[in-house]
Each structure stands twice: as structure tokens, then as C-alpha cells.
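Listing of target.pdb; format and content: PDB, C-alpha atoms and all ligand atoms.
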```pdb
ATOM      1  CA  MET A   1       7.369  21.976  -7.778
ATOM      2  CA  GLU A   2       9.000  22.498  -4.404
ATOM      3  CA  VAL A   3      11.078  19.815  -2.728
ATOM      4  CA  ILE A   4      10.993  20.126   1.042
ATOM      5  CA  ARG A   5      13.166  18.155   3.464
ATOM      6  CA  GLU A   6      12.458  19.709   6.825
ATOM      7  CA  ILE A   7       9.304  19.943   8.915
ATOM      8  CA  HIS A   8       9.725  23.601   9.848
ATOM      9  CA  GLU A   9       9.968  24.473   6.144
ATOM     10  CA  LEU A  10       6.833  22.424   5.357
ATOM     11  CA  LYS A  11       4.936  24.232   8.110
ATOM     12  CA  ALA A  12       6.170  27.655   6.948
ATOM     13  CA  ARG A  13       4.971  27.092   3.361
ATOM     14  CA  GLN A  14       1.496  25.803   4.242
ATOM     15  CA  ALA A  15      -0.005  29.262   4.751
ATOM     16  CA  VAL A  16      -0.046  29.849   0.983
ATOM     17  CA  TRP A  17      -1.391  26.433  -0.067
ATOM     18  CA  ASN A  18      -4.789  26.387  -1.755
ATOM     19  CA  SER A  19      -7.492  24.058  -0.430
ATOM     20  CA  PRO A  20      -8.318  21.241  -0.644
ATOM     21  CA  VAL A  21      -4.925  19.660  -0.008
ATOM     22  CA  GLY A  22      -4.346  16.154  -1.379
ATOM     23  CA  LEU A  23      -1.672  13.879   0.083
ATOM     24  CA  VAL A  24      -0.082  10.878  -1.633
ATOM     25  CA  PRO A  25       2.224   9.010   0.769
ATOM     26  CA  THR A  26       4.859   6.854  -0.969
ATOM     27  CA  MET A  27       8.198   5.194  -0.328
ATOM     28  CA  GLY A  28       9.473   6.333  -3.730
ATOM     29  CA  TYR A  29      10.874   4.282  -6.623
ATOM     30  CA  LEU A  30       7.712   5.390  -8.354
ATOM     31  CA  HIS A  31       5.781   3.422 -10.968
ATOM     32  CA  GLU A  32       2.448   3.764 -12.762
ATOM     33  CA  GLY A  33       0.583   2.543  -9.657
ATOM     34  CA  HIS A  34       1.871   5.493  -7.652
ATOM     35  CA  MET A  35       1.237   7.818 -10.583
ATOM     36  CA  ALA A  36      -2.436   6.767 -10.746
ATOM     37  CA  LEU A  37      -2.783   8.036  -7.164
ATOM     38  CA  VAL A  38      -0.959  11.254  -8.052
ATOM     39  CA  ARG A  39      -3.126  11.865 -11.131
ATOM     40  CA  ARG A  40      -6.303  11.340  -9.146
ATOM     41  CA  ALA A  41      -5.077  13.748  -6.459
ATOM     42  CA  ARG A  42      -4.211  16.285  -9.183
ATOM     43  CA  GLN A  43      -7.786  16.037 -10.567
ATOM     44  CA  GLU A  44      -9.462  16.379  -7.187
ATOM     45  CA  THR A  45      -7.374  18.746  -5.079
ATOM     46  CA  ALA A  46      -5.871  22.230  -5.409
ATOM     47  CA  THR A  47      -2.535  21.469  -3.748
ATOM     48  CA  VAL A  48      -0.954  18.057  -4.304
ATOM     49  CA  VAL A  49       1.656  16.939  -1.785
ATOM     50  CA  VAL A  50       3.566  13.717  -2.475
ATOM     51  CA  THR A  51       5.753  12.315   0.273
ATOM     52  CA  ILE A  52       8.756  10.139  -0.437
ATOM     53  CA  PHE A  53       9.883   8.453   2.748
ATOM     54  CA  VAL A  54      11.144   4.908   3.163
ATOM     55  CA  ASN A  55       9.674   4.465   6.622
ATOM     56  CA  PRO A  56      12.030   2.331   8.743
ATOM     57  CA  THR A  57       9.420   1.568  11.423
ATOM     58  CA  GLN A  58       7.258  -0.469   9.054
ATOM     59  CA  PHE A  59      10.128  -2.838   8.192
ATOM     60  CA  GLY A  60      10.902  -5.809  10.430
ATOM     61  CA  PRO A  61      14.524  -6.406  11.543
ATOM     62  CA  SER A  62      15.037  -9.075   8.858
ATOM     63  CA  GLU A  63      13.234  -7.137   6.107
ATOM     64  CA  ASP A  64      14.550  -5.093   3.200
ATOM     65  CA  PHE A  65      14.802  -1.523   4.596
ATOM     66  CA  GLU A  66      18.468  -1.085   3.618
ATOM     67  CA  ARG A  67      18.137  -2.523   0.137
ATOM     68  CA  TYR A  68      14.679  -1.053  -0.632
ATOM     69  CA  PRO A  69      15.063   0.466  -4.137
ATOM     70  CA  ARG A  70      15.535   4.217  -4.338
ATOM     71  CA  ALA A  71      15.577   6.536  -7.408
ATOM     72  CA  PHE A  72      15.032  10.029  -6.066
ATOM     73  CA  GLY A  73      16.053  11.991  -9.172
ATOM     74  CA  ARG A  74      13.824   9.960 -11.484
ATOM     75  CA  ASP A  75      10.936  10.177  -8.991
ATOM     76  CA  LEU A  76      11.194  13.972  -8.974
ATOM     77  CA  ASP A  77      11.098  14.090 -12.798
ATOM     78  CA  LEU A  78       7.940  11.964 -12.850
ATOM     79  CA  LEU A  79       6.237  14.061 -10.183
ATOM     80  CA  ARG A  80       7.207  17.316 -11.878
ATOM     81  CA  SER A  81       5.658  16.181 -15.163
ATOM     82  CA  ALA A  82       2.484  15.125 -13.327
ATOM     83  CA  GLY A  83       2.068  18.689 -12.030
ATOM     84  CA  VAL A  84       2.699  17.950  -8.354
ATOM     85  CA  ASP A  85       3.055  21.056  -6.165
ATOM     86  CA  ILE A  86       5.082  19.815  -3.214
ATOM     87  CA  VAL A  87       7.377  16.845  -2.607
ATOM     88  CA  PHE A  88       8.117  16.230   1.059
ATOM     89  CA  ALA A  89      11.121  13.920   1.428
ATOM     90  CA  PRO A  90      12.385  14.084   5.006
ATOM     91  CA  PRO A  91      15.400  12.235   6.379
ATOM     92  CA  VAL A  92      14.652   9.574   9.025
ATOM     93  CA  SER A  93      15.970  11.844  11.808
ATOM     94  CA  GLU A  94      13.349  14.450  10.919
ATOM     95  CA  MET A  95      10.446  11.981  11.245
ATOM     96  CA  TYR A  96      11.803  10.010  14.210
ATOM     97  CA  PRO A  97      13.832  12.303  16.446
ATOM     98  CA  ASP A  98      15.556  10.337  19.171
ATOM     99  CA  PRO A  99      13.961   9.359  21.553
ATOM    100  CA  PHE A 100      10.657   8.642  19.805
ATOM    101  CA  SER A 101       8.012   6.955  21.935
ATOM    102  CA  THR A 102       4.458   7.427  20.636
ATOM    103  CA  TRP A 103       2.846   4.815  18.397
ATOM    104  CA  VAL A 104      -0.549   4.213  16.797
ATOM    105  CA  GLU A 105      -1.862   0.665  16.744
ATOM    106  CA  VAL A 106      -5.076  -0.461  15.083
ATOM    107  CA  GLU A 107      -6.097  -3.505  17.103
ATOM    108  CA  GLU A 108      -7.676  -6.650  15.598
ATOM    109  CA  LEU A 109      -7.531  -5.545  11.956
ATOM    110  CA  GLY A 110      -3.816  -4.836  12.407
ATOM    111  CA  GLU A 111      -3.222  -8.276  13.903
ATOM    112  CA  LEU A 112      -4.493 -10.282  10.931
ATOM    113  CA  PHE A 113      -2.755 -11.518   7.735
ATOM    114  CA  GLU A 114       0.006  -8.964   6.959
ATOM    115  CA  GLY A 115       0.023  -8.152  10.675
ATOM    116  CA  VAL A 116       0.841 -11.817  11.431
ATOM    117  CA  SER A 117       3.460 -12.201   8.708
ATOM    118  CA  ARG A 118       5.056  -8.817   9.404
ATOM    119  CA  PRO A 119       4.839  -8.073  13.153
ATOM    120  CA  GLY A 120       4.955  -4.326  13.829
ATOM    121  CA  HIS A 121       4.417  -3.447  10.153
ATOM    122  CA  PHE A 122       1.024  -1.810  10.583
ATOM    123  CA  ARG A 123       2.088  -0.010  13.746
ATOM    124  CA  GLY A 124       4.793   1.658  11.640
ATOM    125  CA  VAL A 125       2.373   2.382   8.795
ATOM    126  CA  ALA A 126      -0.363   3.825  11.036
ATOM    127  CA  THR A 127       2.128   5.952  12.969
ATOM    128  CA  VAL A 128       3.825   7.434   9.908
ATOM    129  CA  CYS A 129       0.495   8.113   8.158
ATOM    130  CA  ASN A 130      -0.792   9.794  11.293
ATOM    131  CA  LYS A 131       2.311  12.014  11.341
ATOM    132  CA  LEU A 132       2.015  12.821   7.624
ATOM    133  CA  PHE A 133      -1.702  13.656   7.932
ATOM    134  CA  ASN A 134      -0.854  16.066  10.772
ATOM    135  CA  LEU A 135       2.163  17.577   9.038
ATOM    136  CA  VAL A 136       0.416  18.207   5.728
ATOM    137  CA  SER A 137      -3.090  18.973   7.125
ATOM    138  CA  ALA A 138      -4.402  16.899   4.248
ATOM    139  CA  ASP A 139      -8.073  17.078   3.274
ATOM    140  CA  ARG A 140      -7.768  13.899   1.207
ATOM    141  CA  ALA A 141      -5.216  11.122   1.266
ATOM    142  CA  TYR A 142      -4.785   8.660  -1.584
ATOM    143  CA  PHE A 143      -3.919   4.973  -1.149
ATOM    144  CA  GLY A 144      -3.699   1.992  -3.496
ATOM    145  CA  GLN A 145      -6.156  -0.882  -3.301
ATOM    146  CA  LYS A 146      -3.180  -3.186  -3.949
ATOM    147  CA  ASP A 147      -2.443  -2.833  -0.239
ATOM    148  CA  ALA A 148      -6.062  -3.481   0.723
ATOM    149  CA  GLN A 149      -5.411  -4.215   4.384
ATOM    150  CA  GLN A 150      -3.451  -0.961   4.636
ATOM    151  CA  VAL A 151      -6.434   0.938   3.192
ATOM    152  CA  ALA A 152      -8.753  -0.742   5.718
ATOM    153  CA  ILE A 153      -6.396   0.093   8.602
ATOM    154  CA  ILE A 154      -5.911   3.728   7.640
ATOM    155  CA  THR A 155      -9.663   4.157   7.125
ATOM    156  CA  LYS A 156     -10.310   2.658  10.576
ATOM    157  CA  MET A 157      -7.640   4.826  12.203
ATOM    158  CA  VAL A 158      -9.061   8.009  10.645
ATOM    159  CA  CYS A 159     -12.546   7.065  11.840
ATOM    160  CA  ASP A 160     -11.530   5.983  15.363
ATOM    161  CA  LEU A 161      -9.282   9.006  15.975
ATOM    162  CA  ASN A 162     -11.527  11.586  14.227
ATOM    163  CA  MET A 163      -8.765  12.536  11.846
ATOM    164  CA  LYS A 164      -9.246  15.012   9.036
ATOM    165  CA  PRO A 165      -8.552  13.427   5.660
ATOM    166  CA  ASP A 166     -11.007  11.558   3.505
ATOM    167  CA  ILE A 167      -9.333   8.336   2.439
ATOM    168  CA  VAL A 168      -9.517   7.627  -1.287
ATOM    169  CA  ALA A 169      -8.675   4.115  -2.528
ATOM    170  CA  ILE A 170      -7.415   3.721  -6.102
ATOM    171  CA  THR A 171      -7.781   0.587  -8.236
ATOM    172  CA  THR A 172      -4.657  -1.556  -8.571
ATOM    173  CA  VAL A 173      -2.544  -0.799 -11.651
ATOM    174  CA  ARG A 174      -1.181  -3.974 -13.273
ATOM    175  CA  GLU A 175       1.504  -5.049 -15.728
ATOM    176  CA  PRO A 176       0.278  -6.568 -19.028
ATOM    177  CA  ASP A 177       0.388 -10.104 -17.532
ATOM    178  CA  GLY A 178      -1.654  -8.969 -14.535
ATOM    179  CA  LEU A 179       1.130  -8.644 -11.955
ATOM    180  CA  ALA A 180       0.301  -5.731  -9.647
ATOM    181  CA  MET A 181       2.919  -3.011 -10.069
ATOM    182  CA  SER A 182       5.164  -2.777  -7.026
ATOM    183  CA  SER A 183       8.572  -1.283  -6.267
ATOM    184  CA  ARG A 184       9.530  -4.740  -4.951
ATOM    185  CA  ASN A 185       9.024  -6.304  -8.414
ATOM    186  CA  ALA A 186      12.499  -4.871  -9.134
ATOM    187  CA  TYR A 187      13.967  -7.627  -6.917
ATOM    188  CA  LEU A 188      12.730 -10.399  -9.238
ATOM    189  CA  ASN A 189      15.048 -12.019 -11.789
ATOM    190  CA  PRO A 190      13.478 -12.848 -15.194
ATOM    191  CA  GLN A 191      12.354 -16.375 -14.162
ATOM    192  CA  GLN A 192      10.915 -15.113 -10.893
ATOM    193  CA  ARG A 193       9.236 -12.208 -12.699
ATOM    194  CA  ALA A 194       7.512 -14.672 -15.035
ATOM    195  CA  ALA A 195       6.480 -16.827 -12.064
ATOM    196  CA  ALA A 196       5.022 -13.787 -10.271
ATOM    197  CA  ALA A 197       2.098 -13.694 -12.712
ATOM    198  CA  VAL A 198       0.734 -16.607 -10.662
ATOM    199  CA  LEU A 199      -0.804 -14.219  -8.106
ATOM    200  CA  PHE A 200      -3.077 -12.638 -10.704
ATOM    201  CA  ARG A 201      -3.861 -16.023 -12.289
ATOM    202  CA  ALA A 202      -4.914 -17.398  -8.922
ATOM    203  CA  LEU A 203      -7.094 -14.381  -8.088
ATOM    204  CA  ASN A 204      -8.669 -14.431 -11.528
ATOM    205  CA  THR A 205      -9.554 -18.077 -11.119
ATOM    206  CA  ALA A 206     -11.166 -17.280  -7.753
ATOM    207  CA  CYS A 207     -13.178 -14.518  -9.384
ATOM    208  CA  GLN A 208     -14.200 -16.775 -12.247
ATOM    209  CA  LEU A 209     -15.368 -19.475  -9.809
ATOM    210  CA  TYR A 210     -17.475 -16.835  -8.077
ATOM    211  CA  ARG A 211     -18.939 -15.664 -11.379
ATOM    212  CA  ASP A 212     -19.747 -19.265 -12.263
ATOM    213  CA  GLY A 213     -21.923 -19.379  -9.148
ATOM    214  CA  CYS A 214     -19.567 -20.959  -6.607
ATOM    215  CA  ARG A 215     -20.354 -19.626  -3.115
ATOM    216  CA  ASP A 216     -18.137 -22.083  -1.234
ATOM    217  CA  VAL A 217     -15.314 -20.156   0.483
ATOM    218  CA  ALA A 218     -13.202 -23.289   1.066
ATOM    219  CA  MET A 219     -13.398 -24.178  -2.608
ATOM    220  CA  VAL A 220     -12.322 -20.671  -3.652
ATOM    221  CA  THR A 221      -9.328 -20.567  -1.276
ATOM    222  CA  ARG A 222      -8.313 -24.109  -2.287
ATOM    223  CA  ALA A 223      -8.374 -23.070  -5.955
ATOM    224  CA  ILE A 224      -6.069 -20.130  -5.186
ATOM    225  CA  ALA A 225      -3.673 -22.341  -3.210
ATOM    226  CA  ASP A 226      -3.668 -25.060  -5.918
ATOM    227  CA  ILE A 227      -2.696 -22.578  -8.628
ATOM    228  CA  VAL A 228       0.096 -21.096  -6.521
ATOM    229  CA  HIS A 229       1.414 -24.605  -5.701
ATOM    230  CA  GLU A 230       1.638 -25.412  -9.424
ATOM    231  CA  GLU A 231       4.223 -22.628  -9.805
ATOM    232  CA  HIS A 232       7.391 -24.181  -8.397
ATOM    233  CA  LEU A 233       9.186 -20.841  -7.780
ATOM    234  CA  ALA A 234       6.274 -19.579  -5.662
ATOM    235  CA  GLU A 235       5.553 -20.371  -2.029
ATOM    236  CA  LEU A 236       2.149 -19.459  -0.587
ATOM    237  CA  ASP A 237       2.177 -17.461   2.655
ATOM    238  CA  TYR A 238      -1.612 -17.136   2.944
ATOM    239  CA  ALA A 239      -4.748 -17.156   0.810
ATOM    240  CA  ALA A 240      -8.147 -16.201   2.206
ATOM    241  CA  VAL A 241     -11.525 -14.699   1.451
ATOM    242  CA  VAL A 242     -12.330 -11.837   3.816
ATOM    243  CA  ASP A 243     -14.702  -9.004   4.551
ATOM    244  CA  PRO A 244     -13.099  -5.981   2.779
ATOM    245  CA  THR A 245     -13.507  -3.721   5.837
ATOM    246  CA  SER A 246     -12.812  -5.945   8.858
ATOM    247  CA  PHE A 247     -10.646  -8.575   7.125
ATOM    248  CA  GLU A 248     -12.558 -11.248   9.035
ATOM    249  CA  GLU A 249     -12.620 -14.523   7.151
ATOM    250  CA  LEU A 250     -16.004 -15.181   5.586
ATOM    251  CA  ASP A 251     -18.060 -18.377   5.847
ATOM    252  CA  THR A 252     -20.260 -17.596   2.872
ATOM    253  CA  LEU A 253     -19.991 -15.482  -0.270
ATOM    254  CA  GLU A 254     -23.376 -13.839   0.099
ATOM    255  CA  ARG A 255     -21.891 -10.389   0.836
ATOM    256  CA  PRO A 256     -18.967  -8.340  -0.542
ATOM    257  CA  ALA A 257     -15.850 -10.474  -0.367
ATOM    258  CA  LEU A 258     -12.188  -9.854  -1.048
ATOM    259  CA  ALA A 259      -9.826 -12.641  -2.078
ATOM    260  CA  ILE A 260      -6.347 -11.920  -0.682
ATOM    261  CA  LEU A 261      -3.024 -13.688  -0.955
ATOM    262  CA  ALA A 262       0.654 -13.331  -0.112
ATOM    263  CA  VAL A 263       3.318 -15.282  -1.969
ATOM    264  CA  ARG A 264       7.046 -15.589  -1.563
ATOM    265  CA  ILE A 265       9.161 -15.844  -4.710
ATOM    266  CA  GLY A 266      12.784 -16.340  -3.709
ATOM    267  CA  THR A 267      13.336 -13.733  -0.990
ATOM    268  CA  THR A 268      10.671 -11.386  -2.374
ATOM    269  CA  ARG A 269       7.245 -11.282  -0.781
ATOM    270  CA  LEU A 270       4.354 -10.149  -2.983
ATOM    271  CA  ILE A 271       0.721  -9.450  -2.053
ATOM    272  CA  ASP A 272      -2.395  -8.948  -4.129
ATOM    273  CA  ASN A 273      -6.181  -9.035  -3.831
ATOM    274  CA  MET A 274      -9.344  -8.992  -5.903
ATOM    275  CA  LEU A 275     -12.974  -8.295  -5.096
ATOM    276  CA  LEU A 276     -15.195 -11.261  -5.859
ATOM    277  CA  LYS A 277     -18.011  -9.800  -7.886
ATOM    278  CA  GLU A 278     -20.093 -10.432 -10.964
TER     279      GLU A 278
HETATM  280  P1  LIG A 301       4.584   2.309  -1.547
HETATM  281  O1  LIG A 301       5.538   3.289  -2.140
HETATM  282  O2  LIG A 301       4.794   0.904  -1.979
HETATM  283  O3  LIG A 301       4.444   2.472  -0.042
HETATM  284  O4  LIG A 301       3.151   2.686  -2.133
HETATM  285  C1  LIG A 301       2.634   3.988  -1.997
HETATM  286  C2  LIG A 301       1.164   3.961  -2.346
HETATM  287  O5  LIG A 301       1.004   3.518  -3.699
HETATM  288  C3  LIG A 301       0.360   2.977  -1.465
HETATM  289  O6  LIG A 301      -0.892   3.562  -1.144
HETATM  290  C4  LIG A 301       0.203   1.793  -2.368
HETATM  291  O7  LIG A 301      -0.944   1.018  -2.078
HETATM  292  C5  LIG A 301       0.075   2.462  -3.726
HETATM  293  N1  LIG A 301       0.376   1.508  -4.795
HETATM  294  C6  LIG A 301       1.480   0.732  -4.883
HETATM  295  N2  LIG A 301       1.410  -0.084  -5.966
HETATM  296  C7  LIG A 301       0.222   0.198  -6.560
HETATM  297  C8  LIG A 301      -0.447  -0.310  -7.716
HETATM  298  N3  LIG A 301       0.079  -1.270  -8.466
HETATM  299  N4  LIG A 301      -1.654   0.202  -8.037
HETATM  300  C9  LIG A 301      -2.210   1.180  -7.256
HETATM  301  N5  LIG A 301      -1.635   1.698  -6.160
HETATM  302  C10 LIG A 301      -0.432   1.215  -5.805
END
```

Rewritten as C-alpha cells:
Amino acid sequence: MEVIREIHELKARQAVWNSPVGLVPTMGYLHEGHMALVRRARQETATVVVTIFVNPTQFGPSEDFERYPRAFGRDLDLLRSAGVDIVFAPPVSEMYPDPFSTWVEVEELGELFEGVSRPGHFRGVATVCNKLFNLVSADRAYFGQKDAQQVAIITKMVCDLNMKPDIVAITTVREPDGLAMSSRNAYLNPQQRAAAAVLFRALNTACQLYRDGCRDVAMVTRAIADIVHEEHLAELDYAAVVDPTSFEELDTLERPALAILAVRIGTTRLIDNMLLKE
């Protein structure tokens, strides 16, 4: 496994890479959710490139960029044992030379839900993914369904801008109590960690309502909100039922629907989602 820090080095090595090339973009502090993406890339592509880059442009000024957890040595061990070929871990100055002035924005979709709660977040995500797709010349890029709006935005960007990679979405990997694995779970103290299971409980209840025949969107979102409100350490940011591609809120549950929510526990913000299906 090669660890590359600089763009010129990445470009120089590409000539010998076998096709297809699979890209797994991450911010590091890897867990089983990330590793599910890596394993899938390893199965499907000849050269697996994992990027570790805590992207400052997707963090708001009052967000956790500085204290975002980092464990580079441990990440490398995990990636080496998963048979990854290349780790690209550039410093910020390499990705954003000063002055940097070109940005990618996905309108509408990027202005909903996470886009409202985290202004500028998706502009940072779309821009860095665009750069990584170009740098790596990826044939496939792997993303987690946990960040469903991110998957929708990247898929839309690739389509609108005729970009190369196929986008592959991987099912959310969960802890035994259902909490979606996330690097940010490390911020939770034991009481908060226990409370965080409320996201999965709420989504499961929504899914169960659907399976019991409920097709009333308001009733489903109210059930999610009620369950979150019962957990006194949790504060609901939003809960909604949306179209999985456009993230438009649905009036009826007669077509594919995604239940989404964001919850604050202390200073930690967690998101999750679940498809409503039989
Ligand atoms: P991050 O390092 O948080 O930016 O995540 C890197 C990639 O891993 C993103 O595509 C995430 O959606 C994905 N990911 C994070 N957590 C999970 C999880 N629990 N299950 C599946 N994919 C995940």
C-alpha cells in the first residue's frame, strides 16, 4: 500500500494503475462503515484508492473542524489489512492552494435539510469530491447511504456535469443497538451514547407504521418526532419523509420514500435515514 501526500506524486503513479479504479473518499478515523465501502471497492475494482482528508470547506465556522477526531496510524493499519492499493492523504494546502476561487454548488437539492442546517456544507462536499474524482480519475466512487443527501447530491453533480465515476451507495453499517456508525459518535459520553439509539428507534417505528399500512406522511413524521422528544438528552433538528432522489417532501407514501432525521445530543449532531418499504 502506498501513502501519497502530494498531487504531483499521485499523478505520476497513475500510469501504472490497473482499471477500473475505485475511489473511497473519507475524512479518516475509520470504522466498520468506512470499511464496508472499502471492501466493496476491493471486490469490484482493480485499483482501490482511499482518500483521508478532513475537508475544511465542508465545516461551518462554528463546527468541529479543529476537534474532528483523527487516527492516521490506525487508519493506515486498517486499510493495509483490507488490501487497499493507494491512500491519498493530502495536507489542506495541497487541496486548497491560496487563493482558491472555484466552487461547485448543486442547487435546490443542496439547499434542503442538511443544506439549511449547515450552510455551505454541500458546496464544500461537492467541490472536494469533484477535485478527488479528477485527481484519481476514478471509474467508481463509493459513498455511504448513511449520508443519503450527500449521495443524492454527488449523483446529481456527476449527472449534471457529465463526470466519469459511477456512484455506488452502500447500506448503512450500524452498532448492535442500531446507531449508525459515525466518527462523530466518539464525541458522545456514555449517557449520550445510550440516548443516541433514539434515532434508530424512531426510524424503525416509522418503518413499522408503513409496514402496518399507514400511508399518512404527517402521522409518520409525528411518530418520529414523538419518539425523539421522549429522549430528554436528544433535541430534534428535523424529521421528514422525502423522495430519495430529489429530497422533496412527499404528500403521500405511494412511491419510494425515505424517512430522514437530524438530532442534536449535547453538542453532537447526528443524522440517519431509512427507506420506508415492506
Ligand atoms: P466520512 O469520513 O464521515 O466523511 O465518511 C466517509 C464515507 O463513509 C461517506 O461516504 C459516508 O457516508 C460513509 N459512511 C460513514 N458512516 C457510515 C456507515 N455507518 N455506514 C456506511 N457508510 C458510512

Among listed residues A:Arg42, A:Lys156, A:Arg5, A:Arg174, nearest ligand LIG 301 (chain A) (using all atoms listed in the file) |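 So, comparing all the options, the nearest one is A:Arg174.
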
Residues within 7 Å of ligand LIG 301 (chain A), counting all atoms listed in the file, as a ChimeraX atom specification | /A:25-28,30,33-34,36-37,142-147,170-174,180-183

C-alpha atoms of the current selection, written as a PDB file, in the coordinates of the input:
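Written output follows (result_14.pdb):
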```
ATOM      1  CA  PRO A  25       2.224   9.010   0.769  1.00  0.00           C
ATOM      2  CA  THR A  26       4.859   6.854  -0.969  1.00  0.00           C
ATOM      3  CA  MET A  27       8.198   5.194  -0.328  1.00  0.00           C
ATOM      4  CA  GLY A  28       9.473   6.333  -3.730  1.00  0.00           C
ATOM      5  CA  LEU A  30       7.712   5.390  -8.354  1.00  0.00           C
ATOM      6  CA  GLY A  33       0.583   2.543  -9.657  1.00  0.00           C
ATOM      7  CA  HIS A  34       1.871   5.493  -7.652  1.00  0.00           C
ATOM      8  CA  ALA A  36      -2.436   6.767 -10.746  1.00  0.00           C
ATOM      9  CA  LEU A  37      -2.783   8.036  -7.164  1.00  0.00           C
ATOM     10  CA  TYR A 142      -4.785   8.660  -1.584  1.00  0.00           C
ATOM     11  CA  PHE A 143      -3.919   4.973  -1.149  1.00  0.00           C
ATOM     12  CA  GLY A 144      -3.699   1.992  -3.496  1.00  0.00           C
ATOM     13  CA  GLN A 145      -6.156  -0.882  -3.301  1.00  0.00           C
ATOM     14  CA  LYS A 146      -3.180  -3.186  -3.949  1.00  0.00           C
ATOM     15  CA  ASP A 147      -2.443  -2.833  -0.239  1.00  0.00           C
ATOM     16  CA  ILE A 170      -7.415   3.721  -6.102  1.00  0.00           C
ATOM     17  CA  THR A 171      -7.781   0.587  -8.236  1.00  0.00           C
ATOM     18  CA  THR A 172      -4.657  -1.556  -8.571  1.00  0.00           C
ATOM     19  CA  VAL A 173      -2.544  -0.799 -11.651  1.00  0.00           C
ATOM     20  CA  ARG A 174      -1.181  -3.974 -13.273  1.00  0.00           C
ATOM     21  CA  ALA A 180       0.301  -5.731  -9.647  1.00  0.00           C
ATOM     22  CA  MET A 181       2.919  -3.011 -10.069  1.00  0.00           C
ATOM     23  CA  SER A 182       5.164  -2.777  -7.026  1.00  0.00           C
ATOM     24  CA  SER A 183       8.572  -1.283  -6.267  1.00  0.00           C
TER      25      SER A 183
END
```

Pick from A:Glu108, A:Asp77, A:Asp237, A:Glu114, whichever lies nearest to Gly60 of chain A using all atoms listed in the file =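 Using all atoms listed in the file, the shortest distance to Gly60 of chain A belongs to A:Glu114.
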
Suppose you want the space between atom CA of Glu2 of chain A and atom CA of Ile86 of chain A; what is it in Å?
->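 Those two atoms sit 4.9 Å apart.
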
What residues come out when you apply the PyMOL selection byres (((chain A and resi 270) around 12) and not hetatm) to this file, written as a ChimeraX atom specification?
-> /A:114,117,146-147,179-188,192-193,195-200,234-238,260-269,271-273

From the list A:Val128, A:Leu253, A:Val158, A:Leu258, which residue is nearest Ala239 of chain A when using only C-alpha atoms?
-> A:Leu258

Starting from the PyMOL selection byres (((chain A and resi 140) around 9) and not hetatm), expand the selection into actual residues of this file and give them as a CSV table (one decimal) with C-alpha atoms, in the coordinates of the input.
```csv
chain,number,residue,atom,x,y,z
A,20,PRO,CA,-8.3,21.2,-0.6
A,21,VAL,CA,-4.9,19.7,0.0
A,22,GLY,CA,-4.3,16.2,-1.4
A,23,LEU,CA,-1.7,13.9,0.1
A,24,VAL,CA,-0.1,10.9,-1.6
A,41,ALA,CA,-5.1,13.7,-6.5
A,44,GLU,CA,-9.5,16.4,-7.2
A,45,THR,CA,-7.4,18.7,-5.1
A,138,ALA,CA,-4.4,16.9,4.2
A,139,ASP,CA,-8.1,17.1,3.3
A,141,ALA,CA,-5.2,11.1,1.3
A,142,TYR,CA,-4.8,8.7,-1.6
A,164,LYS,CA,-9.2,15.0,9.0
A,165,PRO,CA,-8.6,13.4,5.7
A,166,ASP,CA,-11.0,11.6,3.5
A,167,ILE,CA,-9.3,8.3,2.4
A,168,VAL,CA,-9.5,7.6,-1.3
```

Could you state the separation of atom CA of Arg74 of chain A and atom CA of Pro97 of chain A in Å, given to one decimal place?
->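 The value is 28.0 Å.
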
Distance in Å - atom CA of Thr155 of chain A versus atom CA of Arg118 of chain A |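 Atom CA of Arg118 of chain A lies 19.8 Å from atom CA of Thr155 of chain A.
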
Written as a ChimeraX atom specification, which residues does the PyMOL selection byres (((chain A and resi 220) around 10) and not hetatm) give for the file shown?
-> /A:202-203,205-210,214-219,221-226,239-241,253,259

Please give the centre and size of the box around segment 35-50 of chain A (axis-aligned, containing every atom listed in the file, 6 Å added per side), with values in Å to one decimal and written as lines of an AutoDock Vina configuration file.
```
center_x = -2.9
center_y = 14.5
center_z = -6.5
size_x = 25.0
size_y = 27.5
size_z = 21.3
```

Could you add N, CA, C and O atoms to segment 132-141 of chain A and give me the result as a PDB file, in the coordinates of the input?
```
ATOM      1  N   LEU A 132       2.103  12.118   8.912  1.00  0.00           N
ATOM      2  CA  LEU A 132       2.015  12.821   7.624  1.00  0.00           C
ATOM      3  C   LEU A 132       0.692  13.578   7.506  1.00  0.00           C
ATOM      4  O   LEU A 132       0.656  14.705   7.005  1.00  0.00           O
ATOM      5  N   PHE A 133      -0.408  12.956   7.983  1.00  0.00           N
ATOM      6  CA  PHE A 133      -1.702  13.656   7.932  1.00  0.00           C
ATOM      7  C   PHE A 133      -1.617  14.953   8.749  1.00  0.00           C
ATOM      8  O   PHE A 133      -2.103  16.003   8.334  1.00  0.00           O
ATOM      9  N   ASN A 134      -0.996  14.874   9.920  1.00  0.00           N
ATOM     10  CA  ASN A 134      -0.854  16.066  10.772  1.00  0.00           C
ATOM     11  C   ASN A 134       0.058  17.099  10.126  1.00  0.00           C
ATOM     12  O   ASN A 134      -0.249  18.294  10.101  1.00  0.00           O
ATOM     13  N   LEU A 135       1.170  16.649   9.589  1.00  0.00           N
ATOM     14  CA  LEU A 135       2.163  17.577   9.038  1.00  0.00           C
ATOM     15  C   LEU A 135       1.630  18.337   7.831  1.00  0.00           C
ATOM     16  O   LEU A 135       1.922  19.509   7.647  1.00  0.00           O
ATOM     17  N   VAL A 136       0.861  17.626   7.002  1.00  0.00           N
ATOM     18  CA  VAL A 136       0.416  18.207   5.728  1.00  0.00           C
ATOM     19  C   VAL A 136      -0.965  18.852   5.870  1.00  0.00           C
ATOM     20  O   VAL A 136      -1.381  19.621   5.024  1.00  0.00           O
ATOM     21  N   SER A 137      -1.688  18.540   6.959  1.00  0.00           N
ATOM     22  CA  SER A 137      -3.090  18.973   7.125  1.00  0.00           C
ATOM     23  C   SER A 137      -3.908  18.583   5.898  1.00  0.00           C
ATOM     24  O   SER A 137      -4.647  19.411   5.344  1.00  0.00           O
ATOM     25  N   ALA A 138      -3.764  17.345   5.488  1.00  0.00           N
ATOM     26  CA  ALA A 138      -4.402  16.899   4.248  1.00  0.00           C
ATOM     27  C   ALA A 138      -5.922  16.840   4.397  1.00  0.00           C
ATOM     28  O   ALA A 138      -6.444  16.444   5.432  1.00  0.00           O
ATOM     29  N   ASP A 139      -6.624  17.256   3.329  1.00  0.00           N
ATOM     30  CA  ASP A 139      -8.073  17.078   3.274  1.00  0.00           C
ATOM     31  C   ASP A 139      -8.415  15.704   2.703  1.00  0.00           C
ATOM     32  O   ASP A 139      -9.432  15.115   3.056  1.00  0.00           O
ATOM     33  N   ARG A 140      -7.572  15.231   1.785  1.00  0.00           N
ATOM     34  CA  ARG A 140      -7.768  13.899   1.207  1.00  0.00           C
ATOM     35  C   ARG A 140      -6.428  13.193   1.147  1.00  0.00           C
ATOM     36  O   ARG A 140      -5.411  13.837   0.842  1.00  0.00           O
ATOM     37  N   ALA A 141      -6.449  11.890   1.398  1.00  0.00           N
ATOM     38  CA  ALA A 141      -5.216  11.122   1.266  1.00  0.00           C
ATOM     39  C   ALA A 141      -5.503   9.918   0.378  1.00  0.00           C
ATOM     40  O   ALA A 141      -6.547   9.269   0.514  1.00  0.00           O
TER      41      ALA A 141
END
```
